[in-house]
file input-v9.cif (mmCIF, C-alpha atoms)
data_coords
#
loop_
_atom_site.group_PDB
_atom_site.id
_atom_site.type_symbol
_atom_site.label_atom_id
_atom_site.label_comp_id
_atom_site.auth_asym_id
_atom_site.auth_seq_id
_atom_site.Cartn_x
_atom_site.Cartn_y
_atom_site.Cartn_z
ATOM 1 C CA MET A 1 2.775 -245.199 84.264
ATOM 2 C CA HIS A 2 6.372 -243.977 84.254
ATOM 3 C CA THR A 3 9.202 -245.837 82.683
ATOM 4 C CA ASP A 4 12.726 -245.775 84.067
ATOM 5 C CA THR A 5 13.709 -243.331 81.311
ATOM 6 C CA GLN A 6 10.882 -240.955 82.228
ATOM 7 C CA LEU A 7 11.803 -241.045 85.909
ATOM 8 C CA SER A 8 15.477 -240.352 85.285
ATOM 9 C CA ALA A 9 14.570 -237.396 83.071
ATOM 10 C CA THR A 10 12.402 -235.817 85.770
ATOM 11 C CA GLN A 11 14.468 -236.630 88.851
ATOM 12 C CA PRO A 12 18.090 -235.517 89.074
ATOM 13 C CA PRO A 13 20.440 -238.186 90.399
ATOM 14 C CA THR A 14 20.994 -237.967 94.136
ATOM 15 C CA THR A 15 24.360 -238.867 95.550
ATOM 16 C CA VAL A 16 24.503 -239.549 99.243
ATOM 17 C CA ARG A 17 27.853 -239.552 100.974
ATOM 18 C CA VAL A 18 27.910 -241.125 104.404
ATOM 19 C CA PHE A 19 30.426 -241.036 107.236
ATOM 20 C CA ARG A 20 29.818 -243.047 110.403
ATOM 21 C CA GLN A 21 32.061 -243.456 113.431
ATOM 22 C CA SER A 22 31.593 -244.711 116.995
ATOM 23 C CA PHE A 23 33.373 -242.971 119.867
ATOM 24 C CA SER A 24 33.900 -243.710 123.540
ATOM 25 C CA ALA A 25 31.590 -241.546 125.657
ATOM 26 C CA THR A 26 34.258 -239.079 126.818
ATOM 27 C CA HIS A 27 34.729 -235.345 126.355
ATOM 28 C CA LYS A 28 37.943 -235.982 124.395
ATOM 29 C CA ALA A 29 35.968 -238.170 122.000
ATOM 30 C CA ALA A 30 33.317 -235.443 121.617
ATOM 31 C CA ARG A 31 36.075 -233.036 120.522
ATOM 32 C CA LEU A 32 37.457 -235.682 118.172
ATOM 33 C CA ALA A 33 33.988 -236.144 116.646
ATOM 34 C CA ARG A 34 33.856 -232.421 115.839
ATOM 35 C CA LEU A 35 37.345 -232.467 114.296
ATOM 36 C CA LEU A 36 36.625 -235.562 112.199
ATOM 37 C CA ALA A 37 33.314 -234.095 111.034
ATOM 38 C CA VAL A 38 34.986 -230.916 109.778
ATOM 39 C CA HIS A 39 37.730 -232.952 108.109
ATOM 40 C CA GLN A 40 35.164 -235.187 106.398
ATOM 41 C CA LEU A 41 33.181 -232.179 105.179
ATOM 42 C CA HIS A 42 36.370 -230.715 103.721
ATOM 43 C CA GLU A 43 36.917 -234.010 101.865
ATOM 44 C CA TRP A 44 33.368 -233.641 100.528
ATOM 45 C CA ASP A 45 34.122 -230.134 99.168
ATOM 46 C CA VAL A 46 32.694 -228.198 102.116
ATOM 47 C CA PRO A 47 35.873 -226.244 102.917
ATOM 48 C CA TYR A 48 37.240 -225.469 106.374
ATOM 49 C CA GLY A 49 36.215 -222.069 107.642
ATOM 50 C CA THR A 50 33.106 -221.699 105.487
ATOM 51 C CA GLU A 51 29.791 -220.958 107.150
ATOM 52 C CA PRO A 52 28.342 -224.456 106.509
ATOM 53 C CA SER A 53 31.500 -226.101 107.886
ATOM 54 C CA ASP A 54 31.524 -223.854 110.955
ATOM 55 C CA HIS A 55 27.802 -224.401 111.600
ATOM 56 C CA ALA A 56 28.191 -228.164 111.254
ATOM 57 C CA ALA A 57 31.204 -228.121 113.606
ATOM 58 C CA LEU A 58 29.247 -226.282 116.290
ATOM 59 C CA ILE A 59 26.244 -228.577 115.913
ATOM 60 C CA VAL A 60 28.388 -231.727 116.089
ATOM 61 C CA ALA A 61 30.205 -230.321 119.127
ATOM 62 C CA GLU A 62 26.942 -229.609 120.945
ATOM 63 C CA LEU A 63 25.242 -232.907 120.095
ATOM 64 C CA ALA A 64 28.347 -234.959 120.887
ATOM 65 C CA THR A 65 28.844 -233.126 124.182
ATOM 66 C CA ASN A 66 25.194 -233.742 125.058
ATOM 67 C CA ALA A 67 25.611 -237.442 124.233
ATOM 68 C CA VAL A 68 28.625 -237.647 126.546
ATOM 69 C CA THR A 69 27.145 -235.511 129.320
ATOM 70 C CA HIS A 70 23.460 -236.480 129.317
ATOM 71 C CA GLY A 71 23.263 -239.645 127.226
ATOM 72 C CA ARG A 72 26.190 -241.594 128.609
ATOM 73 C CA VAL A 73 25.695 -245.173 129.708
ATOM 74 C CA PRO A 74 28.856 -246.725 131.205
ATOM 75 C CA GLY A 75 30.543 -249.041 128.724
ATOM 76 C CA ARG A 76 28.511 -247.743 125.746
ATOM 77 C CA ASP A 77 29.754 -245.594 122.884
ATOM 78 C CA PHE A 78 28.049 -242.768 121.047
ATOM 79 C CA GLU A 79 27.905 -242.614 117.271
ATOM 80 C CA LEU A 80 28.285 -239.768 114.801
ATOM 81 C CA ARG A 81 26.732 -240.124 111.361
ATOM 82 C CA LEU A 82 27.015 -237.538 108.596
ATOM 83 C CA ALA A 83 25.083 -237.840 105.337
ATOM 84 C CA LEU A 84 25.464 -235.320 102.516
ATOM 85 C CA ASP A 85 22.954 -235.592 99.697
ATOM 86 C CA GLY A 86 23.331 -234.461 96.099
ATOM 87 C CA GLU A 87 21.371 -231.277 96.790
ATOM 88 C CA GLY A 88 23.840 -230.083 99.423
ATOM 89 C CA VAL A 89 21.839 -230.962 102.526
ATOM 90 C CA LEU A 90 23.936 -232.338 105.360
ATOM 91 C CA ARG A 91 22.226 -234.481 107.967
ATOM 92 C CA ILE A 92 24.095 -234.764 111.257
ATOM 93 C CA GLU A 93 23.076 -237.565 113.619
ATOM 94 C CA VAL A 94 24.465 -238.290 117.066
ATOM 95 C CA SER A 95 23.187 -241.436 118.764
ATOM 96 C CA ASP A 96 23.636 -242.464 122.372
ATOM 97 C CA ALA A 97 22.470 -245.387 124.493
ATOM 98 C CA ARG A 98 20.230 -243.484 126.900
ATOM 99 C CA THR A 99 16.528 -243.607 126.038
ATOM 100 C CA GLU A 100 14.937 -241.865 129.020
ATOM 101 C CA ARG A 101 16.847 -238.559 128.729
ATOM 102 C CA ARG A 102 15.531 -236.814 125.638
ATOM 103 C CA PRO A 103 16.497 -233.254 124.735
ATOM 104 C CA VAL A 104 13.740 -230.682 125.132
ATOM 105 C CA PRO A 105 13.298 -228.027 122.447
ATOM 106 C CA PRO A 106 14.593 -224.727 123.846
ATOM 107 C CA HIS A 107 11.233 -222.976 123.525
ATOM 108 C CA LEU A 108 9.658 -225.675 125.748
ATOM 109 C CA ALA A 109 12.451 -225.886 128.332
ATOM 110 C CA PRO A 110 12.066 -224.178 131.696
ATOM 111 C CA PRO A 111 14.312 -221.122 132.059
ATOM 112 C CA THR A 112 17.716 -221.911 133.531
ATOM 113 C CA GLY A 113 19.596 -219.644 135.880
ATOM 114 C CA THR A 114 23.128 -218.591 135.177
ATOM 115 C CA GLU A 115 24.292 -221.001 137.854
ATOM 116 C CA ALA A 116 22.764 -223.949 135.955
ATOM 117 C CA GLY A 117 25.648 -223.954 133.491
ATOM 118 C CA GLY A 118 23.678 -225.685 130.770
ATOM 119 C CA GLY A 119 20.544 -225.824 128.742
ATOM 120 C CA ARG A 120 21.595 -223.270 126.141
ATOM 121 C CA GLY A 121 23.338 -225.567 123.673
ATOM 122 C CA LEU A 122 20.175 -226.596 121.890
ATOM 123 C CA LEU A 123 19.414 -222.907 121.349
ATOM 124 C CA LEU A 124 22.607 -222.880 119.286
ATOM 125 C CA VAL A 125 21.549 -225.994 117.379
ATOM 126 C CA GLU A 126 18.113 -224.514 116.742
ATOM 127 C CA ALA A 127 19.639 -221.252 115.500
ATOM 128 C CA LEU A 128 22.208 -222.847 113.163
ATOM 129 C CA ALA A 129 20.306 -225.855 111.802
ATOM 130 C CA ASP A 130 17.585 -225.827 109.181
ATOM 131 C CA GLY A 131 15.798 -228.395 111.337
ATOM 132 C CA TRP A 132 16.456 -230.816 114.180
ATOM 133 C CA GLY A 133 14.721 -233.513 116.154
ATOM 134 C CA VAL A 134 14.978 -236.752 118.097
ATOM 135 C CA LEU A 135 14.380 -240.307 116.899
ATOM 136 C CA GLU A 136 13.920 -243.422 118.994
ATOM 137 C CA ARG A 137 16.290 -246.333 118.482
ATOM 138 C CA GLU A 138 16.176 -249.909 119.647
ATOM 139 C CA VAL A 139 18.676 -248.864 122.309
ATOM 140 C CA GLY A 140 18.881 -245.147 123.056
ATOM 141 C CA LYS A 141 18.050 -242.238 120.805
ATOM 142 C CA THR A 142 19.366 -240.264 117.857
ATOM 143 C CA VAL A 143 19.415 -236.475 117.817
ATOM 144 C CA TRP A 144 19.613 -235.141 114.266
ATOM 145 C CA ALA A 145 20.039 -231.764 112.588
ATOM 146 C CA THR A 146 20.194 -230.635 108.980
ATOM 147 C CA VAL A 147 22.368 -227.925 107.470
ATOM 148 C CA ARG A 148 22.388 -226.685 103.885
ATOM 149 C CA THR A 149 25.957 -226.703 102.566
ATOM 150 C CA LEU A 150 25.174 -225.039 99.245
ATOM 151 C CA ASN A 151 23.113 -221.955 98.580
ATOM 152 C CA GLN A 152 20.172 -222.316 96.192
ATOM 153 C CA LYS A 153 22.084 -220.782 93.245
ATOM 154 C CA SER A 154 24.899 -223.330 93.673
ATOM 155 C CA THR A 155 22.364 -226.153 93.810
ATOM 156 C CA GLU A 156 20.659 -224.911 90.636
ATOM 157 C CA ALA A 157 24.034 -224.566 88.883
ATOM 158 C CA ARG A 158 24.985 -228.149 89.804
ATOM 159 C CA SER A 159 21.599 -229.413 88.556
ATOM 160 C CA SER A 160 22.041 -227.617 85.210
ATOM 161 C CA ILE A 161 25.584 -228.977 84.860
ATOM 162 C CA ARG A 162 24.271 -232.511 85.478
ATOM 163 C CA ALA A 163 21.511 -231.957 82.913
ATOM 164 C CA THR A 164 23.991 -230.800 80.251
ATOM 165 C CA ASP A 165 26.380 -233.664 80.997
ATOM 166 C CA SER A 166 23.667 -236.230 80.252
#

call {"tool": "encode", "arguments": {"input": "input-v9.cif", "output": "structure tokens"}}
result
Amino acid sequence: MHTDTQLSATQPPTTVRVFRQSFSATHKAARLARLLAVHQLHEWDVPYGTEPSDHAALIVAELATNAVTHGRVPGRDFELRLALDGEGVLRIEVSDARTERRPVPPHLAPPTGTEAGGGRGLLLVEALADGWGVLEREVGKTVWATVRTLNQKSTEARSSIRATDS
């Protein structure tokens, strides 16, 4: 049996920062979602122009554009949710109101011709994210991706600083 003291000694505290915003399902709103995401990450000490910020911006742009293009239901918004945990893992979620149109992992998608003009965005998400997937919702779906914002050495340094502060 563990006591609260034993648990706190073995598990570092986890801080989760969350940003959530709904947007109208327009291409202008998809661009705004990307800009707000990068701004929020900067506020959370993930500076503009760094690799994690740039990767997150591209992922948000792709998922938001997909929500507007393929997940749009007239009169319904899409939602962006960012969650940054204490270990430096950012979870990006974009939710839309369309249940029946789920993204297909790029390795399972049929090849698209150059005239198709689409189908390559999830290749970008797959390449930049540590992981991604789709979750069902009561109405619609959520496409999520994770990105590490700190390298392992930075994470270990933060953990040791927390341990010495205690």

call {"tool": "atom_distance", "arguments": {"input": "input-v9.cif", "atom1": "atom CA of A:Ala64", "atom2": "atom CA of A:Leu36"}}
result
12.0 Å

call {"tool": "atom_distance", "arguments": {"input": "input-v9.cif", "atom1": "atom CA of A:Gly75", "atom2": "atom CA of A:Gly133"}}
result
25.5 Å

call {"tool": "resolve_selection", "arguments": {"input": "input-v9.cif", "expression": "the PyMOL selection byres ((chain A and resi 26-29) around 9)", "output": "VMD selection string"}}
result
chain A and resid 23 to 25 30 to 34 64 to 65 68 to 69 72 77

call {"tool": "axis_aligned_box", "arguments": {"input": "input-v9.cif", "around": "stretch 18-24 of chain A", "padding_each_side": "3 Å", "output": "AutoDock Vina command-line options"}}
result
--center_x 30.9 --center_y -242.9 --center_z 114.0 --size_x 12.0 --size_y 9.7 --size_z 25.1

call {"tool": "closest_residue", "arguments": {"input": "input-v9.cif", "among": "A:Leu80, A:Thr146, A:Val73, A:Leu41", "to": "A:Glu126", "atoms": "all atoms listed in the file"}}
result
A:Thr146

call {"tool": "closest_residue", "arguments": {"input": "input-v9.cif", "among": "A:His39, A:His70, A:Arg17, A:His55", "to": "A:Asp96", "atoms": "only C-alpha atoms"}}
result
A:His70

call {"tool": "atom_distance", "arguments": {"input": "input-v9.cif", "atom1": "atom CA of A:Asp54", "atom2": "atom CA of A:Trp132"}}
result
16.9 Å

call {"tool": "resolve_selection", "arguments": {"input": "input-v9.cif", "expression": "the PyMOL selection byres ((chain A and resi 130) around 10)", "output": "list in words"}}
result
Val89, Leu90, Arg91, Val125, Glu126, Ala127, Leu128, Ala129, Gly131, Trp132, Ala145, Thr146, Val147 and Arg148 of chain A

call {"tool": "write_last_selection", "arguments": {"input": "input-v9.cif", "atoms": "C-alpha atoms", "output": "CSV table (one decimal), in the coordinates of the input"}}
result
chain,number,residue,atom,x,y,z
A,89,VAL,CA,21.8,-231.0,102.5
A,90,LEU,CA,23.9,-232.3,105.4
A,91,ARG,CA,22.2,-234.5,108.0
A,125,VAL,CA,21.5,-226.0,117.4
A,126,GLU,CA,18.1,-224.5,116.7
A,127,ALA,CA,19.6,-221.3,115.5
A,128,LEU,CA,22.2,-222.8,113.2
A,129,ALA,CA,20.3,-225.9,111.8
A,131,GLY,CA,15.8,-228.4,111.3
A,132,TRP,CA,16.5,-230.8,114.2
A,145,ALA,CA,20.0,-231.8,112.6
A,146,THR,CA,20.2,-230.6,109.0
A,147,VAL,CA,22.4,-227.9,107.5
A,148,ARG,CA,22.4,-226.7,103.9

call {"tool": "residues_around", "arguments": {"input": "input-v9.cif", "residues": "A:Gly88", "least_positions_apart": "4", "cutoff": "8 Å", "atoms": "all atoms listed in the file", "output": "mmCIF file with C-alpha atoms, keeping the file's coordinate frame"}}
result
data_model
loop_
_atom_site.group_PDB
_atom_site.id
_atom_site.type_symbol
_atom_site.label_atom_id
_atom_site.label_comp_id
_atom_site.auth_asym_id
_atom_site.auth_seq_id
_atom_site.Cartn_x
_atom_site.Cartn_y
_atom_site.Cartn_z
ATOM 1 C CA LEU A 84 25.464 -235.320 102.516
ATOM 2 C CA ARG A 148 22.388 -226.685 103.885
ATOM 3 C CA THR A 149 25.957 -226.703 102.566
ATOM 4 C CA LEU A 150 25.174 -225.039 99.245
ATOM 5 C CA THR A 155 22.364 -226.153 93.810
#
